[in-house]
file run_2.pdb (PDB, C-alpha atoms and all ligand atoms)
ATOM      1  CA  MET A   1      60.628  73.719 189.403  1.00  0.00           C
ATOM      2  CA  ARG A   2      57.259  75.282 190.120  1.00  0.00           C
ATOM      3  CA  ARG A   3      57.114  76.864 193.566  1.00  0.00           C
ATOM      4  CA  PRO A   4      53.911  75.939 195.408  1.00  0.00           C
ATOM      5  CA  ILE A   5      51.470  78.794 195.907  1.00  0.00           C
ATOM      6  CA  ILE A   6      48.755  78.720 198.534  1.00  0.00           C
ATOM      7  CA  ALA A   7      46.228  81.550 198.290  1.00  0.00           C
ATOM      8  CA  GLY A   8      43.349  82.348 200.597  1.00  0.00           C
ATOM      9  CA  ASN A   9      40.107  83.510 199.006  1.00  0.00           C
ATOM     10  CA  TRP A  10      38.198  85.304 201.729  1.00  0.00           C
ATOM     11  CA  LYS A  11      35.166  85.960 199.489  1.00  0.00           C
ATOM     12  CA  MET A  12      32.691  88.343 201.211  1.00  0.00           C
ATOM     13  CA  ASN A  13      34.050  87.809 204.716  1.00  0.00           C
ATOM     14  CA  ASN A  14      35.947  89.870 207.302  1.00  0.00           C
ATOM     15  CA  THR A  15      35.484  93.455 208.394  1.00  0.00           C
ATOM     16  CA  ILE A  16      38.510  95.674 208.926  1.00  0.00           C
ATOM     17  CA  ALA A  17      38.647  94.715 212.601  1.00  0.00           C
ATOM     18  CA  GLU A  18      38.446  91.015 211.720  1.00  0.00           C
ATOM     19  CA  THR A  19      41.125  91.466 209.060  1.00  0.00           C
ATOM     20  CA  LYS A  20      43.495  92.958 211.627  1.00  0.00           C
ATOM     21  CA  ALA A  21      42.950  90.119 214.054  1.00  0.00           C
ATOM     22  CA  LEU A  22      43.228  87.341 211.480  1.00  0.00           C
ATOM     23  CA  LEU A  23      46.386  88.579 209.764  1.00  0.00           C
ATOM     24  CA  THR A  24      48.114  89.500 213.015  1.00  0.00           C
ATOM     25  CA  GLU A  25      47.576  85.925 214.154  1.00  0.00           C
ATOM     26  CA  LEU A  26      48.539  84.459 210.774  1.00  0.00           C
ATOM     27  CA  LYS A  27      51.849  86.249 210.226  1.00  0.00           C
ATOM     28  CA  PRO A  28      54.020  84.340 212.718  1.00  0.00           C
ATOM     29  CA  LEU A  29      52.318  81.038 211.869  1.00  0.00           C
ATOM     30  CA  VAL A  30      53.392  81.107 208.215  1.00  0.00           C
ATOM     31  CA  LYS A  31      56.683  83.000 208.420  1.00  0.00           C
ATOM     32  CA  ASP A  32      58.818  79.961 207.530  1.00  0.00           C
ATOM     33  CA  ALA A  33      56.580  78.629 204.779  1.00  0.00           C
ATOM     34  CA  GLU A  34      58.233  77.149 201.723  1.00  0.00           C
ATOM     35  CA  ALA A  35      55.167  77.905 199.649  1.00  0.00           C
ATOM     36  CA  GLU A  36      54.332  81.357 198.388  1.00  0.00           C
ATOM     37  CA  VAL A  37      51.540  82.673 200.630  1.00  0.00           C
ATOM     38  CA  VAL A  38      48.799  84.987 199.341  1.00  0.00           C
ATOM     39  CA  VAL A  39      45.621  86.388 200.889  1.00  0.00           C
ATOM     40  CA  CYS A  40      42.947  87.613 198.477  1.00  0.00           C
ATOM     41  CA  VAL A  41      40.691  89.931 200.457  1.00  0.00           C
ATOM     42  CA  PRO A  42      37.614  92.113 199.874  1.00  0.00           C
ATOM     43  CA  TYR A  43      38.341  95.573 198.461  1.00  0.00           C
ATOM     44  CA  THR A  44      37.483  97.290 201.742  1.00  0.00           C
ATOM     45  CA  ASP A  45      40.115  95.221 203.591  1.00  0.00           C
ATOM     46  CA  ILE A  46      42.981  95.699 201.143  1.00  0.00           C
ATOM     47  CA  ALA A  47      44.571  98.786 202.713  1.00  0.00           C
ATOM     48  CA  THR A  48      44.420  97.347 206.226  1.00  0.00           C
ATOM     49  CA  ALA A  49      45.692  93.951 205.113  1.00  0.00           C
ATOM     50  CA  GLY A  50      48.550  95.642 203.274  1.00  0.00           C
ATOM     51  CA  GLU A  51      49.635  97.521 206.392  1.00  0.00           C
ATOM     52  CA  ILE A  52      49.560  94.432 208.580  1.00  0.00           C
ATOM     53  CA  ILE A  53      51.472  92.109 206.258  1.00  0.00           C
ATOM     54  CA  LYS A  54      54.056  94.694 205.255  1.00  0.00           C
ATOM     55  CA  GLY A  55      57.554  93.231 205.632  1.00  0.00           C
ATOM     56  CA  SER A  56      56.205  89.685 205.994  1.00  0.00           C
ATOM     57  CA  ASN A  57      56.187  86.822 203.481  1.00  0.00           C
ATOM     58  CA  ILE A  58      52.428  87.142 202.958  1.00  0.00           C
ATOM     59  CA  LYS A  59      51.414  88.647 199.635  1.00  0.00           C
ATOM     60  CA  LEU A  60      48.334  90.700 198.931  1.00  0.00           C
ATOM     61  CA  GLY A  61      45.596  89.783 196.484  1.00  0.00           C
ATOM     62  CA  ALA A  62      42.184  91.083 195.399  1.00  0.00           C
ATOM     63  CA  GLU A  63      39.133  89.087 194.353  1.00  0.00           C
ATOM     64  CA  ASN A  64      38.335  90.746 191.034  1.00  0.00           C
ATOM     65  CA  VAL A  65      39.369  93.613 188.758  1.00  0.00           C
ATOM     66  CA  HIS A  66      37.619  95.495 185.979  1.00  0.00           C
ATOM     67  CA  TRP A  67      38.972  95.538 182.416  1.00  0.00           C
ATOM     68  CA  ALA A  68      38.723  99.270 181.770  1.00  0.00           C
ATOM     69  CA  GLU A  69      41.330 101.750 182.977  1.00  0.00           C
ATOM     70  CA  LYS A  70      38.640 104.017 184.388  1.00  0.00           C
ATOM     71  CA  GLY A  71      35.216 105.379 183.596  1.00  0.00           C
ATOM     72  CA  ALA A  72      31.493 104.918 184.057  1.00  0.00           C
ATOM     73  CA  PHE A  73      31.426 101.450 185.646  1.00  0.00           C
ATOM     74  CA  THR A  74      29.615 101.983 188.931  1.00  0.00           C
ATOM     75  CA  GLY A  75      30.758  99.602 191.622  1.00  0.00           C
ATOM     76  CA  GLU A  76      33.866  98.384 189.794  1.00  0.00           C
ATOM     77  CA  ILE A  77      37.569  98.686 190.661  1.00  0.00           C
ATOM     78  CA  SER A  78      40.436  99.163 188.199  1.00  0.00           C
ATOM     79  CA  ALA A  79      43.843  97.508 188.069  1.00  0.00           C
ATOM     80  CA  LYS A  80      45.521 100.855 188.700  1.00  0.00           C
ATOM     81  CA  MET A  81      43.524 101.300 191.914  1.00  0.00           C
ATOM     82  CA  LEU A  82      44.709  97.885 193.090  1.00  0.00           C
ATOM     83  CA  LYS A  83      48.331  98.568 192.164  1.00  0.00           C
ATOM     84  CA  GLU A  84      48.231 101.760 194.192  1.00  0.00           C
ATOM     85  CA  LEU A  85      47.506  99.598 197.251  1.00  0.00           C
ATOM     86  CA  ASP A  86      50.415  97.237 196.441  1.00  0.00           C
ATOM     87  CA  VAL A  87      48.155  94.392 195.404  1.00  0.00           C
ATOM     88  CA  GLU A  88      50.160  91.686 193.621  1.00  0.00           C
ATOM     89  CA  TYR A  89      47.622  88.962 192.759  1.00  0.00           C
ATOM     90  CA  VAL A  90      44.006  89.084 191.631  1.00  0.00           C
ATOM     91  CA  ILE A  91      41.452  86.290 191.343  1.00  0.00           C
ATOM     92  CA  ILE A  92      39.632  86.383 188.004  1.00  0.00           C
ATOM     93  CA  GLY A  93      36.682  84.318 186.819  1.00  0.00           C
ATOM     94  CA  HIS A  94      35.809  82.618 190.094  1.00  0.00           C
ATOM     95  CA  SER A  95      32.828  80.305 189.608  1.00  0.00           C
ATOM     96  CA  GLU A  96      30.752  82.436 191.980  1.00  0.00           C
ATOM     97  CA  ARG A  97      31.286  85.384 189.658  1.00  0.00           C
ATOM     98  CA  ARG A  98      30.491  83.249 186.626  1.00  0.00           C
ATOM     99  CA  GLN A  99      27.359  81.882 188.329  1.00  0.00           C
ATOM    100  CA  TYR A 100      25.928  84.976 190.055  1.00  0.00           C
ATOM    101  CA  PHE A 101      27.411  87.950 188.202  1.00  0.00           C
ATOM    102  CA  GLY A 102      27.375  86.984 184.544  1.00  0.00           C
ATOM    103  CA  GLU A 103      31.100  86.476 184.138  1.00  0.00           C
ATOM    104  CA  SER A 104      31.926  84.850 180.784  1.00  0.00           C
ATOM    105  CA  ASP A 105      35.089  83.520 179.173  1.00  0.00           C
ATOM    106  CA  GLU A 106      35.224  86.744 177.211  1.00  0.00           C
ATOM    107  CA  THR A 107      35.037  89.065 180.231  1.00  0.00           C
ATOM    108  CA  VAL A 108      37.514  86.840 182.075  1.00  0.00           C
ATOM    109  CA  ASN A 109      39.921  87.305 179.177  1.00  0.00           C
ATOM    110  CA  MET A 110      39.406  91.091 179.221  1.00  0.00           C
ATOM    111  CA  ARG A 111      40.081  91.224 182.965  1.00  0.00           C
ATOM    112  CA  VAL A 112      43.188  89.037 182.625  1.00  0.00           C
ATOM    113  CA  LYS A 113      44.581  91.368 179.963  1.00  0.00           C
ATOM    114  CA  ALA A 114      43.921  94.470 182.068  1.00  0.00           C
ATOM    115  CA  ALA A 115      45.502  92.863 185.128  1.00  0.00           C
ATOM    116  CA  LEU A 116      48.659  91.830 183.252  1.00  0.00           C
ATOM    117  CA  ALA A 117      48.965  95.206 181.559  1.00  0.00           C
ATOM    118  CA  ALA A 118      48.999  96.856 184.989  1.00  0.00           C
ATOM    119  CA  GLY A 119      51.518  94.378 186.430  1.00  0.00           C
ATOM    120  CA  LEU A 120      49.036  92.340 188.478  1.00  0.00           C
ATOM    121  CA  LYS A 121      49.270  88.556 188.528  1.00  0.00           C
ATOM    122  CA  PRO A 122      45.945  86.895 187.711  1.00  0.00           C
ATOM    123  CA  ILE A 123      44.731  83.739 189.426  1.00  0.00           C
ATOM    124  CA  ILE A 124      42.362  82.479 186.731  1.00  0.00           C
ATOM    125  CA  CYS A 125      39.642  80.109 187.928  1.00  0.00           C
ATOM    126  CA  VAL A 126      38.212  77.321 185.783  1.00  0.00           C
ATOM    127  CA  GLY A 127      36.088  74.329 186.668  1.00  0.00           C
ATOM    128  CA  GLU A 128      33.056  72.244 185.815  1.00  0.00           C
ATOM    129  CA  SER A 129      29.656  71.910 187.496  1.00  0.00           C
ATOM    130  CA  LEU A 130      28.361  68.619 188.850  1.00  0.00           C
ATOM    131  CA  ASP A 131      26.092  68.164 185.811  1.00  0.00           C
ATOM    132  CA  GLU A 132      29.018  68.727 183.508  1.00  0.00           C
ATOM    133  CA  ARG A 133      31.188  66.214 185.363  1.00  0.00           C
ATOM    134  CA  GLU A 134      28.422  63.633 185.355  1.00  0.00           C
ATOM    135  CA  GLY A 135      27.816  64.296 181.663  1.00  0.00           C
ATOM    136  CA  ASN A 136      31.502  63.626 180.915  1.00  0.00           C
ATOM    137  CA  LYS A 137      32.039  67.238 179.902  1.00  0.00           C
ATOM    138  CA  THR A 138      34.784  68.125 182.395  1.00  0.00           C
ATOM    139  CA  GLU A 139      37.571  68.053 179.850  1.00  0.00           C
ATOM    140  CA  SER A 140      35.770  70.141 177.236  1.00  0.00           C
ATOM    141  CA  VAL A 141      34.634  72.693 179.856  1.00  0.00           C
ATOM    142  CA  VAL A 142      38.094  73.303 181.306  1.00  0.00           C
ATOM    143  CA  ARG A 143      39.622  73.310 177.815  1.00  0.00           C
ATOM    144  CA  THR A 144      37.214  76.008 176.655  1.00  0.00           C
ATOM    145  CA  GLN A 145      37.562  78.087 179.824  1.00  0.00           C
ATOM    146  CA  THR A 146      41.364  77.881 179.810  1.00  0.00           C
ATOM    147  CA  ALA A 147      41.742  78.727 176.129  1.00  0.00           C
ATOM    148  CA  GLY A 148      39.162  81.517 176.482  1.00  0.00           C
ATOM    149  CA  ALA A 149      40.947  83.107 179.433  1.00  0.00           C
ATOM    150  CA  LEU A 150      44.321  82.986 177.677  1.00  0.00           C
ATOM    151  CA  LYS A 151      43.152  84.257 174.278  1.00  0.00           C
ATOM    152  CA  ASP A 152      45.718  86.681 172.795  1.00  0.00           C
ATOM    153  CA  ILE A 153      47.870  86.593 175.928  1.00  0.00           C
ATOM    154  CA  ASP A 154      51.557  86.675 175.047  1.00  0.00           C
ATOM    155  CA  LYS A 155      53.875  83.835 176.031  1.00  0.00           C
ATOM    156  CA  SER A 156      56.090  86.304 177.925  1.00  0.00           C
ATOM    157  CA  GLU A 157      53.265  86.769 180.456  1.00  0.00           C
ATOM    158  CA  LEU A 158      52.985  83.123 181.445  1.00  0.00           C
ATOM    159  CA  ASP A 159      55.346  83.424 184.421  1.00  0.00           C
ATOM    160  CA  ASN A 160      52.850  85.830 185.952  1.00  0.00           C
ATOM    161  CA  ILE A 161      49.787  83.648 185.485  1.00  0.00           C
ATOM    162  CA  VAL A 162      48.334  81.191 187.975  1.00  0.00           C
ATOM    163  CA  ILE A 163      45.370  78.989 187.069  1.00  0.00           C
ATOM    164  CA  ALA A 164      43.093  77.522 189.750  1.00  0.00           C
ATOM    165  CA  TYR A 165      41.157  74.387 188.888  1.00  0.00           C
ATOM    166  CA  GLU A 166      38.034  74.560 191.034  1.00  0.00           C
ATOM    167  CA  PRO A 167      35.323  71.976 190.380  1.00  0.00           C
ATOM    168  CA  ILE A 168      32.150  73.851 191.321  1.00  0.00           C
ATOM    169  CA  TRP A 169      30.701  70.845 193.129  1.00  0.00           C
ATOM    170  CA  ALA A 170      33.658  70.832 195.508  1.00  0.00           C
ATOM    171  CA  ILE A 171      33.490  74.507 196.504  1.00  0.00           C
ATOM    172  CA  GLY A 172      32.292  75.106 200.036  1.00  0.00           C
ATOM    173  CA  THR A 173      30.608  71.716 200.072  1.00  0.00           C
ATOM    174  CA  GLY A 174      33.157  69.749 202.070  1.00  0.00           C
ATOM    175  CA  ARG A 175      33.190  67.399 199.102  1.00  0.00           C
ATOM    176  CA  THR A 176      36.743  67.471 197.736  1.00  0.00           C
ATOM    177  CA  ALA A 177      37.753  66.100 194.379  1.00  0.00           C
ATOM    178  CA  THR A 178      39.922  63.053 194.897  1.00  0.00           C
ATOM    179  CA  SER A 179      43.579  63.780 194.422  1.00  0.00           C
ATOM    180  CA  GLU A 180      43.463  61.652 191.247  1.00  0.00           C
ATOM    181  CA  GLN A 181      40.510  63.618 189.816  1.00  0.00           C
ATOM    182  CA  ALA A 182      42.203  66.929 190.602  1.00  0.00           C
ATOM    183  CA  ASN A 183      45.520  65.773 189.166  1.00  0.00           C
ATOM    184  CA  GLU A 184      43.919  64.427 186.008  1.00  0.00           C
ATOM    185  CA  THR A 185      41.987  67.612 185.234  1.00  0.00           C
ATOM    186  CA  ILE A 186      44.951  69.847 186.034  1.00  0.00           C
ATOM    187  CA  LYS A 187      46.943  67.765 183.562  1.00  0.00           C
ATOM    188  CA  VAL A 188      44.308  68.578 180.923  1.00  0.00           C
ATOM    189  CA  ILE A 189      44.698  72.296 181.704  1.00  0.00           C
ATOM    190  CA  ARG A 190      48.476  71.979 181.462  1.00  0.00           C
ATOM    191  CA  ASP A 191      48.118  70.267 178.092  1.00  0.00           C
ATOM    192  CA  VAL A 192      45.995  73.163 176.848  1.00  0.00           C
ATOM    193  CA  VAL A 193      48.757  75.587 177.871  1.00  0.00           C
ATOM    194  CA  ALA A 194      51.284  73.369 176.063  1.00  0.00           C
ATOM    195  CA  GLU A 195      49.147  73.313 172.914  1.00  0.00           C
ATOM    196  CA  LEU A 196      48.617  77.085 172.982  1.00  0.00           C
ATOM    197  CA  TYR A 197      52.235  77.973 173.814  1.00  0.00           C
ATOM    198  CA  CYS A 198      54.871  75.297 174.351  1.00  0.00           C
ATOM    199  CA  ARG A 199      55.494  72.224 176.513  1.00  0.00           C
ATOM    200  CA  ASP A 200      58.235  73.983 178.458  1.00  0.00           C
ATOM    201  CA  CYS A 201      55.874  76.917 179.126  1.00  0.00           C
ATOM    202  CA  ALA A 202      53.298  74.520 180.539  1.00  0.00           C
ATOM    203  CA  GLU A 203      55.798  72.585 182.644  1.00  0.00           C
ATOM    204  CA  ASN A 204      57.888  75.443 183.983  1.00  0.00           C
ATOM    205  CA  LYS A 205      56.006  78.716 183.862  1.00  0.00           C
ATOM    206  CA  VAL A 206      52.308  78.470 184.634  1.00  0.00           C
ATOM    207  CA  ARG A 207      51.375  77.216 188.095  1.00  0.00           C
ATOM    208  CA  ILE A 208      48.068  75.417 188.507  1.00  0.00           C
ATOM    209  CA  GLN A 209      46.306  75.229 191.864  1.00  0.00           C
ATOM    210  CA  TYR A 210      43.500  73.035 193.050  1.00  0.00           C
ATOM    211  CA  GLY A 211      40.577  74.668 194.888  1.00  0.00           C
ATOM    212  CA  GLY A 212      37.441  73.249 196.487  1.00  0.00           C
ATOM    213  CA  SER A 213      37.258  72.285 200.156  1.00  0.00           C
ATOM    214  CA  MET A 214      41.030  72.050 200.484  1.00  0.00           C
ATOM    215  CA  ASN A 215      41.838  71.944 204.187  1.00  0.00           C
ATOM    216  CA  PRO A 216      44.512  70.910 206.710  1.00  0.00           C
ATOM    217  CA  LYS A 217      43.379  67.278 206.484  1.00  0.00           C
ATOM    218  CA  ASN A 218      43.513  66.758 202.717  1.00  0.00           C
ATOM    219  CA  VAL A 219      46.239  69.219 201.700  1.00  0.00           C
ATOM    220  CA  LYS A 220      49.137  66.767 201.985  1.00  0.00           C
ATOM    221  CA  GLU A 221      47.566  64.204 199.704  1.00  0.00           C
ATOM    222  CA  LEU A 222      46.545  66.796 197.131  1.00  0.00           C
ATOM    223  CA  MET A 223      49.937  68.520 197.160  1.00  0.00           C
ATOM    224  CA  ALA A 224      51.694  65.184 196.695  1.00  0.00           C
ATOM    225  CA  MET A 225      50.212  64.916 193.195  1.00  0.00           C
ATOM    226  CA  PRO A 226      52.673  65.880 190.463  1.00  0.00           C
ATOM    227  CA  GLU A 227      50.420  68.335 188.615  1.00  0.00           C
ATOM    228  CA  ILE A 228      49.069  70.233 191.652  1.00  0.00           C
ATOM    229  CA  ASP A 229      51.113  73.346 192.378  1.00  0.00           C
ATOM    230  CA  GLY A 230      49.101  74.830 195.197  1.00  0.00           C
ATOM    231  CA  GLY A 231      45.661  75.644 196.463  1.00  0.00           C
ATOM    232  CA  LEU A 232      43.009  78.327 196.399  1.00  0.00           C
ATOM    233  CA  ILE A 233      41.452  78.110 199.826  1.00  0.00           C
ATOM    234  CA  GLY A 234      38.043  79.481 200.776  1.00  0.00           C
ATOM    235  CA  GLY A 235      36.557  78.323 204.077  1.00  0.00           C
ATOM    236  CA  ALA A 236      39.834  77.142 205.590  1.00  0.00           C
ATOM    237  CA  SER A 237      41.466  80.530 204.931  1.00  0.00           C
ATOM    238  CA  LEU A 238      39.176  82.280 207.414  1.00  0.00           C
ATOM    239  CA  LYS A 239      40.885  80.835 210.491  1.00  0.00           C
ATOM    240  CA  ALA A 240      44.568  81.594 210.990  1.00  0.00           C
ATOM    241  CA  VAL A 241      45.454  78.188 212.404  1.00  0.00           C
ATOM    242  CA  ASP A 242      43.630  76.278 209.662  1.00  0.00           C
ATOM    243  CA  PHE A 243      45.102  78.390 206.900  1.00  0.00           C
ATOM    244  CA  SER A 244      48.614  78.102 208.343  1.00  0.00           C
ATOM    245  CA  ASN A 245      48.232  74.344 208.494  1.00  0.00           C
ATOM    246  CA  VAL A 246      47.378  74.326 204.799  1.00  0.00           C
ATOM    247  CA  VAL A 247      50.251  76.693 203.973  1.00  0.00           C
ATOM    248  CA  ASN A 248      52.742  74.621 205.979  1.00  0.00           C
ATOM    249  CA  PHE A 249      51.618  71.327 204.473  1.00  0.00           C
TER     250      PHE A 249
HETATM  251  P1  LIG B   1      36.329  76.434 199.577  1.00  0.00           P
HETATM  252  O1  LIG B   1      36.386  77.581 198.467  1.00  0.00           O
HETATM  253  O2  LIG B   1      37.757  76.145 199.969  1.00  0.00           O
HETATM  254  O3  LIG B   1      35.515  77.014 200.689  1.00  0.00           O
HETATM  255  O4  LIG B   1      35.693  75.251 198.946  1.00  0.00           O
HETATM  256  C1  LIG B   1      37.379  77.585 197.471  1.00  0.00           C
HETATM  257  C2  LIG B   1      37.133  78.709 196.502  1.00  0.00           C
HETATM  258  O5  LIG B   1      35.952  78.974 196.171  1.00  0.00           O
HETATM  259  O6  LIG B   1      38.079  79.364 196.030  1.00  0.00           O
END
call {"tool": "encode", "arguments": {"input": "run_2.pdb", "output": "structure tokens", "more": "lines below"}}
Ligand code: PGA
result
Amino acid sequence: MRRPIIAGNWKMNNTIAETKALLTELKPLVKDAEAEVVVCVPYTDIATAGEIIKGSNIKLGAENVHWAEKGAFTGEISAKMLKELDVEYVIIGHSERRQYFGESDETVNMRVKAALAAGLKPIICVGESLDEREGNKTESVVRTQTAGALKDIDKSELDNIVIAYEPIWAIGTGRTATSEQANETIKVIRDVVAELYCRDCAENKVRIQYGGSMNPKNVKELMAMPEIDGGLIGGASLKAVDFSNVVNF
């Protein structure tokens, strides 16, 4: 059985003061959740978030990580720096990073390797643009992105890997993929994992989330689909009540 995992992606939101308020409100609201609960927060909020959620069932995540151990990479953060702050999960290859910051399948793969080597669990994002969906390229895009991210990753690491299927046209737009569309594309991703590793690995190890305007209203229907193991939540993770209603679907 794959345990559901609901992760918030705060993106570039929340000061330290806002982080304190949001997580203090969130903690009691999600304490009985059956799903694994994660908040991926900006670097500057990690230490504060860690203090507030200590001893709770909320796990800490970051929004990116660099592939090198250290060195001349101005503005970047290493896996070791994140581990020191008890970060457990890290988002890698979000479409906003691919779109605005030149992230490629190759750099995603390098970041995934560095994260795993340091004991961080990557949440690898894949997903097609609207043009690609309308041009019937969804399957080939997610196949390429998934295989690229997992290149030379050992089978023994699969338990620690989460993949998030995020159609770009559904992110922050209020336009959600239908549960059938999300399920169908996640099935393609699972098949890629099966082809690269084994069917059992795909069915029992890797968890695959849906992301893109997931909210308290549509979470139940999406989570009822057999292939969808959780959600990566942007907008709806910024309000404690909304996020808890997604977590407690
Ligand atoms: P959204 O963002 O829920 O605001 O659409 C999801 C994401 O980008 O991870």
call {"tool": "resolve_selection", "arguments": {"input": "run_2.pdb", "expression": "the PyMOL selection byres (((chain A and resi 79) around 7) and not hetatm)", "output": "list in words"}}
result
Val65, His66, Ile77, Ser78, Lys80, Met81, Leu82, Lys83, Ala114, Ala115 and Ala118 of chain A
call {"tool": "residues_near_ligand", "arguments": {"input": "run_2.pdb", "ligand": "ligand LIG 1 (chain B)", "cutoff": "10 Å", "atoms": "only C-alpha atoms and all ligand atoms", "output": "PDB file with C-alpha atoms, keeping the file's coordinate frame"}}
result
ATOM      1  CA  ALA A   7      46.228  81.550 198.290  1.00  0.00           C
ATOM      2  CA  GLY A   8      43.349  82.348 200.597  1.00  0.00           C
ATOM      3  CA  ASN A   9      40.107  83.510 199.006  1.00  0.00           C
ATOM      4  CA  TRP A  10      38.198  85.304 201.729  1.00  0.00           C
ATOM      5  CA  LYS A  11      35.166  85.960 199.489  1.00  0.00           C
ATOM      6  CA  CYS A  40      42.947  87.613 198.477  1.00  0.00           C
ATOM      7  CA  GLU A  63      39.133  89.087 194.353  1.00  0.00           C
ATOM      8  CA  ILE A  91      41.452  86.290 191.343  1.00  0.00           C
ATOM      9  CA  HIS A  94      35.809  82.618 190.094  1.00  0.00           C
ATOM     10  CA  SER A  95      32.828  80.305 189.608  1.00  0.00           C
ATOM     11  CA  GLU A  96      30.752  82.436 191.980  1.00  0.00           C
ATOM     12  CA  CYS A 125      39.642  80.109 187.928  1.00  0.00           C
ATOM     13  CA  ALA A 164      43.093  77.522 189.750  1.00  0.00           C
ATOM     14  CA  TYR A 165      41.157  74.387 188.888  1.00  0.00           C
ATOM     15  CA  GLU A 166      38.034  74.560 191.034  1.00  0.00           C
ATOM     16  CA  PRO A 167      35.323  71.976 190.380  1.00  0.00           C
ATOM     17  CA  ILE A 168      32.150  73.851 191.321  1.00  0.00           C
ATOM     18  CA  TRP A 169      30.701  70.845 193.129  1.00  0.00           C
ATOM     19  CA  ALA A 170      33.658  70.832 195.508  1.00  0.00           C
ATOM     20  CA  ILE A 171      33.490  74.507 196.504  1.00  0.00           C
ATOM     21  CA  GLY A 172      32.292  75.106 200.036  1.00  0.00           C
ATOM     22  CA  THR A 173      30.608  71.716 200.072  1.00  0.00           C
ATOM     23  CA  GLY A 174      33.157  69.749 202.070  1.00  0.00           C
ATOM     24  CA  ARG A 175      33.190  67.399 199.102  1.00  0.00           C
ATOM     25  CA  THR A 176      36.743  67.471 197.736  1.00  0.00           C
ATOM     26  CA  TYR A 210      43.500  73.035 193.050  1.00  0.00           C
ATOM     27  CA  GLY A 211      40.577  74.668 194.888  1.00  0.00           C
ATOM     28  CA  GLY A 212      37.441  73.249 196.487  1.00  0.00           C
ATOM     29  CA  SER A 213      37.258  72.285 200.156  1.00  0.00           C
ATOM     30  CA  MET A 214      41.030  72.050 200.484  1.00  0.00           C
ATOM     31  CA  ASN A 215      41.838  71.944 204.187  1.00  0.00           C
ATOM     32  CA  GLY A 231      45.661  75.644 196.463  1.00  0.00           C
ATOM     33  CA  LEU A 232      43.009  78.327 196.399  1.00  0.00           C
ATOM     34  CA  ILE A 233      41.452  78.110 199.826  1.00  0.00           C
ATOM     35  CA  GLY A 234      38.043  79.481 200.776  1.00  0.00           C
ATOM     36  CA  GLY A 235      36.557  78.323 204.077  1.00  0.00           C
ATOM     37  CA  ALA A 236      39.834  77.142 205.590  1.00  0.00           C
ATOM     38  CA  SER A 237      41.466  80.530 204.931  1.00  0.00           C
ATOM     39  CA  LEU A 238      39.176  82.280 207.414  1.00  0.00           C
TER      40      LEU A 238
END
call {"tool": "closest_residue", "arguments": {"input": "run_2.pdb", "among": "A:Ala21, A:Ser179, A:Val87, A:Val30", "to": "Asn218 in chain A", "atoms": "all atoms listed in the file"}}
result
A:Ser179
call {"tool": "resolve_selection", "arguments": {"input": "run_2.pdb", "expression": "the PyMOL selection byres (((chain A and resi 15) around 12) and not hetatm)", "output": "list of chain:residue names"}}
result
A:Trp10, A:Lys11, A:Met12, A:Asn13, A:Asn14, A:Ile16, A:Ala17, A:Glu18, A:Thr19, A:Lys20, A:Ala21, A:Leu22, A:Val41, A:Pro42, A:Tyr43, A:Thr44, A:Asp45, A:Ile46, A:Ala47, A:Thr48, A:Ala49, A:Leu238
call {"tool": "atom_distance", "arguments": {"input": "run_2.pdb", "atom1": "CA of Leu29 in chain A", "atom2": "CA of Val247 in chain A"}}
result
9.2 Å
call {"tool": "atom_distance", "arguments": {"input": "run_2.pdb", "atom1": "CA of Lys155 in chain A", "atom2": "CA of Tyr197 in chain A"}}
result
6.5 Å
call {"tool": "atom_distance", "arguments": {"input": "run_2.pdb", "atom1": "CA of Glu180 in chain A", "atom2": "CA of Leu222 in chain A"}}
result
8.4 Å
call {"tool": "residues_near_point", "arguments": {"input": "run_2.pdb", "point": "(54.0, 94.2, 184.3)", "cutoff": "12 Å", "atoms": "all atoms listed in the file", "output": "PyMOL selection string"}}
result
chain A and resi 79-80+83+88-89+113-122+156-161
call {"tool": "resolve_selection", "arguments": {"input": "run_2.pdb", "expression": "the PyMOL selection byres (((chain A and resi 57) around 8) and not hetatm)", "output": "ChimeraX atom specification"}}
result
/A:30-31,36-37,53,55-56,58-59
call {"tool": "residues_around", "arguments": {"input": "run_2.pdb", "residues": "Ala33 in chain A", "least_positions_apart": "5", "cutoff": "12 Å", "atoms": "only C-alpha atoms", "output": "short mmCIF file (atom, residue, chain, number, x, y, z; two decimals) with C-alpha atoms, in the frame of the given file"}}
result
data_model
loop_
_atom_site.label_atom_id
_atom_site.label_comp_id
_atom_site.auth_asym_id
_atom_site.auth_seq_id
_atom_site.Cartn_x
_atom_site.Cartn_y
_atom_site.Cartn_z
CA ARG A 3 57.11 76.86 193.57
CA PRO A 4 53.91 75.94 195.41
CA ILE A 5 51.47 78.79 195.91
CA ILE A 6 48.76 78.72 198.53
CA LEU A 26 48.54 84.46 210.77
CA LYS A 27 51.85 86.25 210.23
CA PRO A 28 54.02 84.34 212.72
CA VAL A 38 48.80 84.99 199.34
CA SER A 56 56.20 89.68 205.99
CA ASN A 57 56.19 86.82 203.48
CA ILE A 58 52.43 87.14 202.96
CA PHE A 243 45.10 78.39 206.90
CA SER A 244 48.61 78.10 208.34
CA ASN A 245 48.23 74.34 208.49
CA VAL A 246 47.38 74.33 204.80
CA VAL A 247 50.25 76.69 203.97
CA ASN A 248 52.74 74.62 205.98
CA PHE A 249 51.62 71.33 204.47
#
call {"tool": "residues_around", "arguments": {"input": "run_2.pdb", "residues": "Asn183 in chain A", "least_positions_apart": "6", "cutoff": "8 Å", "atoms": "only C-alpha atoms", "output": "number ranges by chain"}}
result
A: 225-228
